[in-house]
Amino acid sequence: QVPPVESGGGLVQPGGSLRLSCVASGSIFSVYDVGWYRQSPGKQRESVATIASSGRTNYADSLKGRFTISRDNAKNTVYLQMNSLKPEDTAVYYCNLAWLGRNYWGQGTQVIVSS
């Protein structure tokens, strides 16, 4: 499995929106549980949202209602829609694929929320 590739990060003003994409290669993408994580300078990496192979989703309590995770298995892609962004959402966002105890991390995409 080749590591996933994240995209869609950038600079956005507070209150704005971004949609991150996580694209993976291979023909078995649908079996992966996929998660978005983020890490800010000086902080530990934290879970943002996950979507299981079944489609079941889970969110960090503090982000519920603002972030939405979804997947399109036909495109081998998982999305993270982020709305009403706040400066504290500034971080590098990482995608993780998990299956049978194996984990594959992307290189991350930077999100900066600032006026």
# chains A, B, ... in the order shown; residues from 1 in each chain; ligands from 1
$ select_by_dssp --residues "range 6-99 of chain A" --states "helix (DSSP H, G or I)" --output "JSON, numbers by chain"
{"A": [29, 30, 31, 61, 62, 63, 73, 74, 75, 87, 88, 89]}
$ residues_around --residues "Pro3 in chain A" --least-positions-apart "4" --cutoff "12 Å" --atoms "only C-alpha atoms" --output "ChimeraX atom specification"
/A:22-26,29,94-98,102-108
$ write_last_selection --atoms "C-alpha atoms" --output "mmCIF file, in the first residue's frame"
data_model
loop_
_atom_site.group_PDB
_atom_site.id
_atom_site.type_symbol
_atom_site.label_atom_id
_atom_site.label_comp_id
_atom_site.auth_asym_id
_atom_site.auth_seq_id
_atom_site.Cartn_x
_atom_site.Cartn_y
_atom_site.Cartn_z
ATOM 1 C CA CYS A 22 -7.214 12.117 1.093
ATOM 2 C CA VAL A 23 -6.489 9.984 -1.937
ATOM 3 C CA ALA A 24 -5.101 6.471 -1.807
ATOM 4 C CA SER A 25 -3.993 4.078 -4.494
ATOM 5 C CA GLY A 26 -4.948 0.448 -4.807
ATOM 6 C CA PHE A 29 -9.591 1.192 -0.594
ATOM 7 C CA TYR A 94 -3.017 14.045 8.315
ATOM 8 C CA CYS A 95 -4.880 11.177 6.762
ATOM 9 C CA ASN A 96 -4.538 7.644 8.092
ATOM 10 C CA LEU A 97 -5.596 4.370 6.527
ATOM 11 C CA ALA A 98 -6.034 1.433 8.853
ATOM 12 C CA ARG A 102 -1.615 -1.814 9.575
ATOM 13 C CA ASN A 103 -1.528 1.960 9.435
ATOM 14 C CA TYR A 104 -0.522 4.197 6.559
ATOM 15 C CA TRP A 105 0.024 7.908 7.116
ATOM 16 C CA GLY A 106 0.152 10.677 4.593
ATOM 17 C CA GLN A 107 2.561 13.614 4.682
ATOM 18 C CA GLY A 108 -0.097 16.042 5.799
#
$ closest_residue --among "A:Gln44, A:Ser21, A:Ser30, A:Gln39" --to "Ile69 in chain A" --atoms "only C-alpha atoms"
A:Ser21
$ residues_around --residues "Val48 in chain A" --least-positions-apart "2" --cutoff "7 Å" --atoms "only C-alpha atoms" --output "PyMOL selection string"
chain A and resi 36-38+46+59-60
$ atom_distance --atom1 "CA of Ser70 in chain A" --atom2 "CA of Ser54 in chain A"
11.4 Å
$ closest_residue --among "A:Val2, A:Val111, A:Pro87, A:Gln81" --to "Ile28 in chain A" --atoms "only C-alpha atoms"
A:Val2
$ closest_residue --among "A:Asp33, A:Gly8, A:Gly16, A:Arg56" --to "Gly101 in chain A" --atoms "only C-alpha atoms"
A:Asp33
$ residues_around --residues "Leu18 in chain A" --least-positions-apart "6" --cutoff "10 Å" --atoms "only C-alpha atoms" --output "ChimeraX atom specification"
/A:8-12,67,80-85,111
$ select_by_dssp --residues "range 6-112 of chain A" --states "strand (DSSP E)" --output "PyMOL selection string"
chain A and resi 6-7+10-12+18-23+33-39+46-51+57-59+67-72+77-82+91-99+102-105+109-112
$ residues_around --residues "Arg71 in chain A" --least-positions-apart "5" --cutoff "8 Å" --atoms "only C-alpha atoms" --output "short mmCIF file (atom, residue, chain, number, x, y, z; two decimals) with C-alpha atoms, in the first residue's frame"
data_model
loop_
_atom_site.label_atom_id
_atom_site.label_comp_id
_atom_site.auth_asym_id
_atom_site.auth_seq_id
_atom_site.Cartn_x
_atom_site.Cartn_y
_atom_site.Cartn_z
CA ILE A 51 -14.97 6.89 8.86
CA GLY A 55 -19.42 4.20 6.54
CA ASN A 76 -10.44 6.11 -3.48
CA THR A 77 -10.97 9.38 -1.65
CA VAL A 78 -12.01 10.53 1.80
CA TYR A 79 -13.01 14.13 2.36
#
$ residues_around --residues "Thr50 in chain A" --least-positions-apart "5" --cutoff "6 Å" --atoms "only C-alpha atoms" --output "PyMOL selection string"
chain A and resi 34-35+57-58
$ closest_residue --among "A:Val5, A:Gln13, A:Asp72, A:Ala52" --to "Tyr32 in chain A" --atoms "only C-alpha atoms"
A:Ala52
$ atom_distance --atom1 "CA of Ser115 in chain A" --atom2 "CA of Pro41 in chain A"
19.0 Å
$ atom_distance --atom1 "CA of Val113 in chain A" --atom2 "CA of Ser40 in chain A"
12.0 Å
